[in-house]
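Next up, start12.txt (compact mmCIF, C-alpha atoms and all ligand atoms):
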# COMPACT_ATOMS: atom_id res chain seq x y z
CA MET K 5 -35.74 10.16 5.08
CA SER K 6 -36.65 6.51 4.67
CA ARG K 7 -33.82 3.97 4.80
CA ALA K 8 -35.10 2.08 1.80
CA HIS K 9 -34.55 5.15 -0.35
CA LEU K 10 -30.91 5.32 0.71
CA ASP K 11 -30.29 2.19 -1.34
CA LYS K 12 -31.34 3.96 -4.48
CA ARG K 13 -30.77 7.71 -4.48
CA PRO K 14 -27.37 9.43 -4.44
CA ALA K 15 -28.99 12.70 -3.29
CA ASP K 16 -30.31 10.95 -0.15
CA VAL K 17 -26.87 9.47 0.57
CA ALA K 18 -25.28 12.93 0.24
CA GLY K 19 -28.05 14.42 2.42
CA MET K 20 -27.51 11.79 5.10
CA PHE K 21 -23.79 12.64 5.29
CA ASP K 22 -24.61 16.37 5.31
CA ASP K 23 -26.68 15.65 8.45
CA VAL K 24 -23.97 13.73 10.33
CA ALA K 25 -21.01 15.88 9.21
CA GLU K 26 -20.62 18.02 12.35
CA ARG K 27 -20.23 15.03 14.69
CA TYR K 28 -18.89 12.51 12.18
CA ASP K 29 -15.33 12.15 13.53
CA LEU K 30 -16.43 11.84 17.16
CA THR K 31 -19.18 9.31 16.36
CA ASN K 32 -16.71 7.22 14.36
CA ASP K 33 -14.24 7.03 17.22
CA VAL K 34 -16.95 6.00 19.69
CA LEU K 35 -18.68 3.42 17.50
CA SER K 36 -15.46 1.75 16.36
CA LEU K 37 -14.20 1.71 19.98
CA GLY K 38 -11.11 3.60 18.77
CA GLN K 39 -10.21 0.89 16.22
CA ASP K 40 -10.49 3.31 13.30
CA ARG K 41 -7.07 4.79 14.14
CA ARG K 42 -5.42 1.36 13.71
CA TRP K 43 -7.30 0.78 10.45
CA ARG K 44 -6.13 4.11 9.05
CA LYS K 45 -2.49 3.26 9.82
CA ALA K 46 -2.90 -0.03 7.92
CA VAL K 47 -4.35 1.86 4.94
CA LEU K 48 -1.36 4.21 4.90
CA THR K 49 1.03 1.23 4.83
CA ALA K 50 -0.96 -0.53 2.08
CA VAL K 51 -1.05 2.56 -0.16
CA GLU K 52 2.76 2.95 0.08
CA ALA K 53 2.45 6.69 -0.43
CA ARG K 54 5.76 8.30 -1.23
CA PRO K 55 6.59 12.01 -0.92
CA GLY K 56 5.39 13.76 -4.06
CA ASP K 57 2.91 11.01 -5.09
CA ARG K 58 -0.40 12.27 -6.42
CA LEU K 59 -3.09 10.50 -4.46
CA LEU K 60 -6.88 10.56 -4.67
CA ASP K 61 -8.75 9.89 -1.41
CA LEU K 62 -12.23 9.26 -2.70
CA ALA K 63 -15.34 9.66 -0.50
CA ALA K 64 -12.96 11.44 1.87
CA GLY K 65 -15.74 13.09 3.86
CA THR K 66 -14.23 15.49 6.39
CA GLY K 67 -10.71 14.48 5.29
CA THR K 68 -9.91 12.27 8.31
CA SER K 69 -8.79 9.51 5.96
CA SER K 70 -6.62 11.96 3.95
CA VAL K 71 -4.55 13.36 6.81
CA PRO K 72 -2.05 10.44 7.10
CA PHE K 73 -1.18 10.74 3.39
CA ALA K 74 -0.53 14.46 3.62
CA ALA K 75 1.62 13.79 6.71
CA ALA K 76 3.61 11.24 4.63
CA GLY K 77 4.40 13.99 2.09
CA ALA K 78 2.02 12.89 -0.68
CA HIS K 79 -0.13 15.40 -2.54
CA VAL K 80 -3.55 14.08 -1.53
CA VAL K 81 -6.83 15.23 -3.08
CA PRO K 82 -9.78 14.52 -0.76
CA CYS K 83 -12.89 14.23 -2.94
CA ASP K 84 -16.52 13.83 -1.81
CA PHE K 85 -20.02 14.73 -2.99
CA SER K 86 -21.49 15.76 0.39
CA GLN K 87 -21.29 19.55 0.69
CA GLY K 88 -21.79 19.21 4.46
CA MET K 89 -18.82 16.87 4.89
CA LEU K 90 -16.65 19.06 2.64
CA ARG K 91 -17.60 22.18 4.62
CA VAL K 92 -16.64 20.61 7.96
CA GLY K 93 -13.44 19.22 6.39
CA LYS K 94 -12.36 22.57 4.90
CA ARG K 95 -12.96 24.28 8.23
CA ALA K 96 -10.98 21.70 10.22
CA ARG K 97 -8.22 21.06 7.65
CA PRO K 98 -7.83 24.15 5.45
CA GLU K 99 -4.43 22.92 4.23
CA LEU K 100 -6.04 20.03 2.27
CA ASP K 101 -7.08 20.35 -1.36
CA PHE K 102 -10.80 19.37 -0.95
CA THR K 103 -12.62 18.76 -4.25
CA ALA K 104 -16.33 18.21 -4.83
CA GLY K 105 -17.02 15.19 -7.03
CA ASP K 106 -19.21 12.13 -7.53
CA ALA K 107 -17.36 8.80 -7.42
CA THR K 108 -19.27 7.58 -10.47
CA ARG K 109 -18.33 10.64 -12.59
CA LEU K 110 -14.97 11.82 -11.32
CA PRO K 111 -13.92 15.35 -12.27
CA PHE K 112 -10.34 14.29 -13.16
CA ALA K 113 -8.57 13.46 -16.41
CA ASP K 114 -7.45 9.90 -17.25
CA ALA K 115 -4.30 8.64 -15.47
CA THR K 116 -4.06 11.64 -13.11
CA PHE K 117 -3.08 9.76 -9.92
CA ASP K 118 -0.31 7.42 -8.74
CA ALA K 119 -2.73 5.81 -6.30
CA VAL K 120 -6.43 5.95 -5.48
CA THR K 121 -7.87 4.99 -2.13
CA ILE K 122 -11.35 4.91 -0.62
CA SER K 123 -12.04 4.32 3.09
CA PHE K 124 -15.50 3.41 4.33
CA GLY K 125 -16.93 5.02 1.20
CA LEU K 126 -17.42 2.39 -1.52
CA ARG K 127 -20.29 0.71 0.38
CA ASN K 128 -22.15 4.03 0.34
CA VAL K 129 -21.76 4.66 -3.38
CA VAL K 130 -25.01 3.82 -5.18
CA GLU K 131 -23.14 2.21 -8.10
CA PRO K 132 -19.93 0.86 -6.54
CA ARG K 133 -18.79 -1.04 -9.63
CA ARG K 134 -19.05 2.10 -11.72
CA ALA K 135 -16.94 3.89 -9.10
CA LEU K 136 -14.29 1.12 -9.34
CA ALA K 137 -14.14 1.66 -13.11
CA GLU K 138 -13.83 5.43 -12.64
CA MET K 139 -11.02 4.91 -10.12
CA LEU K 140 -9.23 2.75 -12.70
CA ARG K 141 -9.62 5.46 -15.34
CA VAL K 142 -8.04 8.21 -13.20
CA THR K 143 -5.13 6.00 -12.02
CA ARG K 144 -1.95 5.87 -14.13
CA PRO K 145 -0.90 2.49 -15.59
CA GLY K 146 0.95 0.62 -12.85
CA GLY K 147 -0.77 2.76 -10.21
CA ARG K 148 -2.40 1.36 -7.07
CA LEU K 149 -5.87 1.00 -5.58
CA VAL K 150 -6.58 0.45 -1.87
CA VAL K 151 -10.14 -0.06 -0.67
CA CYS K 152 -10.75 -0.05 3.09
CA GLU K 153 -14.26 -1.21 3.91
CA PHE K 154 -16.28 -3.00 6.52
CA SER K 155 -16.40 -6.70 5.72
CA HIS K 156 -17.34 -10.03 7.25
CA PRO K 157 -15.54 -11.52 10.29
CA THR K 158 -14.04 -14.84 9.27
CA TRP K 159 -14.52 -16.80 12.55
CA ALA K 160 -18.19 -17.83 12.78
CA PRO K 161 -18.72 -17.33 16.57
CA PHE K 162 -17.15 -13.86 16.36
CA ARG K 163 -19.28 -13.08 13.30
CA THR K 164 -22.45 -13.89 15.26
CA LEU K 165 -21.36 -11.65 18.13
CA TYR K 166 -20.48 -8.83 15.74
CA VAL K 167 -23.85 -8.95 13.97
CA GLU K 168 -25.49 -8.73 17.41
CA TYR K 169 -23.39 -5.62 18.13
CA LEU K 170 -24.35 -4.08 14.80
CA MET K 171 -28.07 -4.71 15.09
CA ARG K 172 -28.63 -4.29 18.85
CA ALA K 173 -25.87 -2.25 20.51
CA LEU K 174 -24.88 0.17 17.76
CA PRO K 175 -28.26 1.93 17.27
CA PRO K 176 -28.69 2.97 20.96
CA VAL K 177 -25.06 4.17 21.15
CA ALA K 178 -25.57 6.10 17.91
CA ARG K 179 -28.73 7.65 19.39
CA ALA K 180 -26.61 8.98 22.24
CA VAL K 181 -23.73 10.46 20.21
CA SER K 182 -24.89 11.14 16.64
CA SER K 183 -26.91 14.01 15.21
CA ASN K 184 -28.71 11.51 12.93
CA PRO K 185 -29.06 8.07 14.59
CA GLU K 186 -31.09 6.79 11.64
CA ALA K 187 -27.92 7.07 9.56
CA TYR K 188 -26.26 4.57 11.87
CA VAL K 189 -29.09 2.07 11.54
CA TYR K 190 -28.46 2.40 7.80
CA LEU K 191 -24.75 1.80 8.55
CA ALA K 192 -25.51 -1.49 10.33
CA GLU K 193 -27.82 -2.68 7.56
CA SER K 194 -25.46 -1.68 4.76
CA ILE K 195 -22.56 -3.55 6.41
CA ARG K 196 -24.63 -6.73 6.55
CA ALA K 197 -25.68 -6.39 2.92
CA TRP K 198 -22.13 -5.72 1.62
CA PRO K 199 -20.23 -8.52 -0.24
CA ASP K 200 -17.63 -10.52 1.67
CA GLN K 201 -13.88 -10.30 1.00
CA ARG K 202 -13.90 -12.68 -1.96
CA GLY K 203 -16.99 -11.05 -3.47
CA LEU K 204 -15.49 -7.56 -3.37
CA ALA K 205 -12.22 -8.89 -4.85
CA ALA K 206 -14.25 -10.28 -7.79
CA TRP K 207 -15.93 -6.89 -8.37
CA ILE K 208 -12.54 -5.16 -8.35
CA ARG K 209 -11.08 -7.65 -10.84
CA ARG K 210 -14.10 -7.39 -13.14
CA SER K 211 -13.67 -3.62 -13.16
CA GLY K 212 -10.30 -4.09 -14.88
CA TRP K 213 -7.90 -4.04 -11.91
CA ARG K 214 -5.21 -6.73 -11.63
CA SER K 215 -3.19 -8.41 -8.83
CA VAL K 216 -6.20 -8.13 -6.54
CA GLU K 217 -5.45 -9.19 -2.97
CA TRP K 218 -6.82 -8.52 0.50
CA ARG K 219 -6.04 -8.71 4.16
CA ASN K 220 -8.37 -8.73 7.16
CA LEU K 221 -8.18 -6.28 10.04
CA SER K 222 -9.79 -6.87 13.44
CA GLY K 223 -10.74 -10.41 12.48
CA GLY K 224 -12.42 -9.33 9.25
CA ILE K 225 -14.58 -6.51 10.65
CA VAL K 226 -12.64 -4.51 8.08
CA ALA K 227 -10.85 -5.70 4.94
CA LEU K 228 -8.19 -3.92 2.91
CA HIS K 229 -8.23 -4.75 -0.79
CA ARG K 230 -5.26 -3.82 -2.93
CA ALA K 231 -4.98 -3.92 -6.71
CA THR K 232 -2.93 -2.50 -9.55
CA ARG K 233 -3.89 -0.85 -12.82
CA PRO K 234 -2.46 -2.99 -15.64
CA GLY K 235 0.41 -1.53 -17.64
CA CYS K 236 4.12 -0.78 -17.06
CA GLY K 237 4.81 -4.43 -16.16
CA SER K 238 3.06 -3.86 -12.83
CA GLN K 239 2.69 -6.68 -10.30
CA GLY K 240 1.15 -6.74 -6.84
CA SER K 241 3.89 -6.41 -4.25
CA ASP K 242 4.29 -9.18 -1.70
CA ARG K 243 3.20 -7.31 1.39
CA PRO K 244 2.85 -9.27 4.63
CA GLY K 245 -0.74 -10.30 5.23
CA PHE K 246 -1.83 -9.84 1.64
CA SER K 247 -0.03 -12.51 -0.33
CA GLN K 248 -1.95 -15.65 0.72
CA ARG K 249 -5.23 -14.06 -0.19
CA ARG K 250 -4.57 -13.12 -3.76
CA SER K 251 -7.59 -13.76 -5.95
C1 LIG K 301 -18.42 6.93 5.98
S1 LIG K 301 -17.88 8.35 5.11
C2 LIG K 301 -16.15 8.05 4.96
C3 LIG K 301 -15.33 9.29 5.06
C4 LIG K 301 -13.80 9.08 5.14
N1 LIG K 301 -13.30 8.39 3.98
C5 LIG K 301 -13.40 8.36 6.39
O1 LIG K 301 -12.75 7.30 6.29
O2 LIG K 301 -13.69 8.86 7.49
C6 LIG K 301 -18.48 7.97 3.49
C7 LIG K 301 -18.40 9.14 2.53
O3 LIG K 301 -18.74 8.66 1.23
C8 LIG K 301 -19.29 9.76 0.53
N2 LIG K 301 -19.94 9.29 -0.69
C9 LIG K 301 -20.95 8.40 -0.82
N3 LIG K 301 -21.29 8.25 -2.10
C10 LIG K 301 -20.46 9.06 -2.83
C11 LIG K 301 -20.32 9.34 -4.20
N4 LIG K 301 -21.10 8.75 -5.13
N5 LIG K 301 -19.37 10.22 -4.58
C12 LIG K 301 -18.58 10.82 -3.67
N6 LIG K 301 -18.67 10.61 -2.34
C13 LIG K 301 -19.60 9.74 -1.91
C14 LIG K 301 -20.22 10.39 1.56
O4 LIG K 301 -20.60 11.70 1.24
C15 LIG K 301 -19.37 10.29 2.84
O5 LIG K 301 -18.66 11.46 3.09

Produce structure tokens that represent the structure in this file.
Ligand SMILES: C[S@@+](CC[C@H](N)C(=O)[O-])C[C@H]1O[C@@H](n2cnc3c(N)ncnc32)[C@H](O)[C@@H]1O
Amino acid sequence: MSRAHLDKRPADVAGMFDDVAERYDLTNDVLSLGQDRRWRKAVLTAVEARPGDRLLDLAAGTGTSSVPFAAAGAHVVPCDFSQGMLRVGKRARPELDFTAGDATRLPFADATFDAVTISFGLRNVVEPRRALAEMLRVTRPGGRLVVCEFSHPTWAPFRTLYVEYLMRALPPVARAVSSNPEAYVYLAESIRAWPDQRGLAAWIRRSGWRSVEWRNLSGGIVALHRATRPGCGSQGSDRPGFSQRRS
């Protein structure tokens, strides 16, 4: 599979995740140097999932990102379009309500969910802005969006170091631990090509979301964007770390 094609074809993206599914969780832990656990805790806090909330975890893969919400008592629906990822997820976490679906054509009625979240998935969607509009459609008025995605470190010297890690260190490590190292070269390239914090906030706002705000994790390696679907007098809440960065 050529990397260039991954930019264009959803079937290739799904195929790539089918290939890495079996070792996905392990590879993630190794490549993020264990940071992914901290990031997932921050997502849980930002989503403010309450017991009984209906929550969509889009591009959920094997369901790793869905587990904290289920543990918090929310009814979480992990949704993904890679059959391989879904298969591994169902085997490892049979208690979760895995659903096959494409982020750009979600198989849910309007206003189904109290909150929608997507972790390390939006960057892989071939039409991310269409996915943001679909997420808006399936969220109830006043409901919440949280996007957790790789972003751009804010301190220039650290940014330089990080890009070095992505382009030089990550591919050999991926070769050692992943079943499809090529997928991790794609990962490095897609992170570099992804919009920065402000750019993603603008996409989210243009898709119809309001009270768009973000906070950086690990110096901006990852950013959490929060937003609210207009309606019901909804406002963004003043959560620590988010408020100064409202856009
Ligand atoms: C890096 S994994 C993230 C999995 C999980 N959210 C996590 O945090 O570990 C990205 C996922 O996005 C899914 N994906 C990419 N494009 C998609 C689309 N258009 N619709 C649904 N899922 C998609 C892939 O199949 C893959 O499972």

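Pairwise distance (CA of Ala104 (chain K), atom O5 of ligand LIG 301 (chain K)) equals 10.7 Å.
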
Enclosing box along x, y and z for every listed atom of region 78-86 of chain K, padded 3 Å each side, centre and size in Å, one decimal, as lines of an AutoDock Vina configuration file:
center_x = -9.7
center_y = 14.3
center_z = -1.3
size_x = 29.5
size_y = 8.9
size_z = 9.5

The residue from K:Asp40, K:Asp106, K:Asp23, K:Asp101 with the smallest atom-to-atom distance to ligand LIG 301 (chain K), counting all atoms listed in the file, is K:Asp106

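Going from atom C4 of ligand LIG 301 (chain K) over to CA of Phe124 (chain K), you cover 6.0 Å.
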
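Distances from K:Asp16, K:Asp29, K:Asp57, K:Glu217 to Phe246 (chain K) were compared using all atoms listed in the file, and the smallest one belongs to K:Glu217.
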
Rows by chain and residue number, chain K within 7 Å of ligand LIG 301 (chain K), shortest pair, only C-alpha atoms and all ligand atoms, as a tab-separated table:
residue	atom	partner	partner_atom	distance
K:Pro14	CA	K:LIG301	N4	6.3
K:Val17	CA	K:LIG301	C9	6.2
K:Ala18	CA	K:LIG301	O4	4.9
K:Phe21	CA	K:LIG301	O4	5.2
K:Leu62	CA	K:LIG301	N6	6.6
K:Ala63	CA	K:LIG301	N6	3.9
K:Ala64	CA	K:LIG301	N1	3.7
K:Gly65	CA	K:LIG301	O5	3.4
K:Thr66	CA	K:LIG301	C3	6.4
K:Gly67	CA	K:LIG301	C4	6.2
K:Thr68	CA	K:LIG301	O2	5.2
K:Ser69	CA	K:LIG301	O1	4.5
K:Cys83	CA	K:LIG301	C12	6.7
K:Asp84	CA	K:LIG301	N6	3.9
K:Phe85	CA	K:LIG301	C12	4.2
K:Ser86	CA	K:LIG301	O4	4.2
K:Met89	CA	K:LIG301	O5	5.7
K:Gly105	CA	K:LIG301	C12	5.7
K:Asp106	CA	K:LIG301	N5	3.5
K:Ala107	CA	K:LIG301	N5	3.8
K:Thr108	CA	K:LIG301	N4	5.8
K:Ile122	CA	K:LIG301	N1	6.1
K:Ser123	CA	K:LIG301	N1	4.4
K:Phe124	CA	K:LIG301	C2	4.7
K:Gly125	CA	K:LIG301	C6	4.0
K:Leu126	CA	K:LIG301	O3	7.0
K:Asn128	CA	K:LIG301	C9	4.7
K:Val129	CA	K:LIG301	N3	3.8
K:Val130	CA	K:LIG301	N4	6.3

Writer output for current selection, C-alpha atoms, as a CSV table (one decimal), in the coordinates of the input:
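Ended up saving to selection.csv:
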chain,number,residue,atom,x,y,z
K,14,PRO,CA,-27.4,9.4,-4.4
K,17,VAL,CA,-26.9,9.5,0.6
K,18,ALA,CA,-25.3,12.9,0.2
K,21,PHE,CA,-23.8,12.6,5.3
K,62,LEU,CA,-12.2,9.3,-2.7
K,63,ALA,CA,-15.3,9.7,-0.5
K,64,ALA,CA,-13.0,11.4,1.9
K,65,GLY,CA,-15.7,13.1,3.9
K,66,THR,CA,-14.2,15.5,6.4
K,67,GLY,CA,-10.7,14.5,5.3
K,68,THR,CA,-9.9,12.3,8.3
K,69,SER,CA,-8.8,9.5,6.0
K,83,CYS,CA,-12.9,14.2,-2.9
K,84,ASP,CA,-16.5,13.8,-1.8
K,85,PHE,CA,-20.0,14.7,-3.0
K,86,SER,CA,-21.5,15.8,0.4
K,89,MET,CA,-18.8,16.9,4.9
K,105,GLY,CA,-17.0,15.2,-7.0
K,106,ASP,CA,-19.2,12.1,-7.5
K,107,ALA,CA,-17.4,8.8,-7.4
K,108,THR,CA,-19.3,7.6,-10.5
K,122,ILE,CA,-11.4,4.9,-0.6
K,123,SER,CA,-12.0,4.3,3.1
K,124,PHE,CA,-15.5,3.4,4.3
K,125,GLY,CA,-16.9,5.0,1.2
K,126,LEU,CA,-17.4,2.4,-1.5
K,128,ASN,CA,-22.2,4.0,0.3
K,129,VAL,CA,-21.8,4.7,-3.4
K,130,VAL,CA,-25.0,3.8,-5.2

Between K:Val189, K:Val226, K:Val81, K:Val142, smallest distance to Arg42 (chain K) by only C-alpha atoms belongs to K:Val226

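Of note, CA of Ala74 (chain K) and CA of Arg44 (chain K) are spaced 13.0 Å apart.
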
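Using only C-alpha atoms, the nearest neighbour of Ile208 (chain K) within the list K:Glu168, K:Glu193, K:Glu138, K:Glu186 is K:Glu138.
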
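Checking K:Thr31, K:Thr158, K:Ser36, K:Ser215 one by one against Asn184 (chain K), counting only C-alpha atoms, you find the shortest gap at K:Thr31.
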
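Residue nearest Glu153 (chain K) within the list K:Pro234, K:Gly245, K:Gly224, K:Pro82: K:Gly224 [criterion: smallest interatomic distance, only C-alpha atoms].
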
Protein/DNA/RNA residues near (-16.2, -3.0, -0.6), cut 7 Å, all atoms listed in the file, as a PyMOL selection string:
chain K and resi 126-127+151+153+198-199+204

Checklist line | Distance query Ala137 (chain K) at most 12 Å, all atoms listed in the file, self and fewer than 4 positions along chain excluded, as a ChimeraX atom specification | finding: /K:107-110,114,120,131-133,141-143,149,207-213,233
